[in-house]
Amino acid sequence: MSIALLLAIGCLTSVGIYLITARLLSRILLGFALLGHAAVLALLGAGGPAGKPPLANLTTPAESANPVPQALALTAIVIGFGLTLFLLALARRQQIFTGDDLVEDDLEDQRVATDSEAAP
Amino acid sequence: MTVLVTTTIIGPLVAAALALALRSRPQLRDVVTLLGLAASTASAFGILYRVANSGSVAIRVGEWPRELGIVLVADLFAALVLPIALSIILVVELFAIGQRRTAWGANPELAGPLLLLLTSGVSLAILTGDLFTLFVAFELILVSSYVLLTHQGRRGQVRSGMTYVVMNLFASTLFLFGLALIYGATGTVNLGLLAERIPQLSDGARLGIGAWFFVVFGTKAAMFPLFSWLPDSYPTAPTTITAVFAGLLTKIGIYALIRFHTLTGMDELGSIMLIVAGVTMIIGAFGALAQTDVKRILSFHVISQIGYMLMGLGLFSAAGTAGAILFLIHHMPVKTVLFLVGGLIENHQGTSRLDRSGGLATKRPIIAVLFAIPALSLAGLPPFSGFVAKLGVISAGIEADQYVVVIVALVAGALTLLSMTKIWIGVFWGKTTEASAMPSARPTSKANRSLMTGATCIAVAGTLTISVLAGGLYELSERAANDLRDHTSYIALTEGPDQ
């Protein structure tokens, strides 16, 4: 695996983790997009050294890159794309309700906690 | 056999497409949904019959070699869990058809097709023989669950849905990273090949992979300390949806844990698992005691019970794994029934809050009976299935000299009984309250009510059947556990005849 690939995975992961610890869903969403890219790059890196495009009848298996991780990565990208859209829709809905897309605390949990404090 | 396996996975997908297309014909849509679910459930029972009698079967999709293609494996473990999981969805769909005219019902246009998609994902997750297909199946289940949880778009659902989606998406991303790690280390994601190659890795790499997937599957299973999303999100969904989630979703996480960690021989992780299991049991049981809402109490018990299954797995003995499998089989229907009864309570009282309800035992004695049976089973009292399941796990614990976790399990069992008593006193005894005037609540017709009660009765009968058959099921679980622990049979299955 090349150093550039490793560095890219590291940078994407660290920025991604930083973003998903935020409280705004739009930031979390960007964080997941970056983390998803990092995971896909890691999958590609796991497939061994780079090579020619693995096309049937055009390149021999010996000189082409490992196609299996590429197939896996493609599937993961498609799933990630759909989920990003769903998160966007969720953020929009929360914005309609509250004015922003803040991820809120568990209200019932807080109610149980304050009730037990109020009781003698 | 290929036909049966295809029906459980592809059948629900086809039915989902048809049900979506039949938006304008509600009755036909219900029939298609029920037929799709019934066909896949029947096939699942067929698979169980075949596997129990003539041994496990593996299907290489498209005859690809296992390094490249997808392998579906119906071993005894998969064949035991699959029919129970699918029958749960079938019963819940019956309940949902009865409930949809009320304020708590799910939106039928979406709920039916989404439940079918979820069914397909569950079948695929249980039958798959490689980790990447497991990832896809998890995503199929989770995406359906995200939409099921939030499709009504209410304030509370969107709020808790955000936590739920973010937590599960993080676990999925970790899953993907884990797949990269595994592929880098072994050059395959096929479980049969992994069972061969992972034990040959250095200890550090092997246990690193094991711990990584313990976190991934553990988040899906809501074990300590990764459970906080569960009691927040589950109670906000329509009751039927919660019943499916509680019965299935966390259990698929446990299923994957048992499958992966026994197959790759992660015995050294056992002590960590036992600690996590003990804390999960206690935290879940105490959390339940503090709550004042039926659905939230039940949600915390989902967490508590995950601990028992984790304990069975963490012992890494044949008896422990068998106990965990039996617990899984017992827990799925019992938990679903309890949530369905919660739905009946909510439907009748207008709320599931304990302080706003009471006196249901005299007004609707049938609901009281339907609650009492699974509640006692959950608490682990004889002669119900929960007793046999707990006995299996706890005796395996004593056998392995893990007395601390055994004591914790017994204490958690007593606390479970306590919070079931709390629901009983709050809802069924005490002063009769008027159904609270919830503005959006619409009265249900008698036919709908009897459909809901009928579906719950069927489910209770199912749990009783499991209690009656517990002896035979324990033998099957033991066989399944031995198959899991003896990797050679699984490896041979995935290899296929021509290699």
# chains A, B, ... in the order shown; residues from 1 in each chain; ligands from 1

$ select_by_dssp --residues "chain A" --states "alpha helix (DSSP H)" --output "number ranges by chain"
A: 3-20, 25-46, 67-98, 107-118

$ interface_residues --of "chain B" --to "chain A" --cutoff "8 Å" --atoms "only C-alpha atoms" --output "ChimeraX atom specification"
/B:68,132,139,143,153,155,158-160,162-163,165-166,169-170,173,176-177,179-181,183-185,187,232,290-292

$ select_by_dssp --residues "stretch 59-126 of chain B" --states "strand (DSSP E)" --output "ChimeraX atom specification"
/B:59-60,71-74

$ write_last_selection --atoms "C-alpha atoms" --output "PDB file, in the first residue's frame"
ATOM      1  CA  ILE B  59     -25.464 -22.849  -2.080  1.00  0.00           C
ATOM      2  CA  ARG B  60     -22.830 -21.131  -4.193  1.00  0.00           C
ATOM      3  CA  VAL B  71     -22.107 -18.504  -0.643  1.00  0.00           C
ATOM      4  CA  LEU B  72     -25.366 -19.019   1.249  1.00  0.00           C
ATOM      5  CA  VAL B  73     -25.074 -21.497   4.107  1.00  0.00           C
ATOM      6  CA  ALA B  74     -28.059 -23.070   5.842  1.00  0.00           C
TER       7      ALA B  74
END
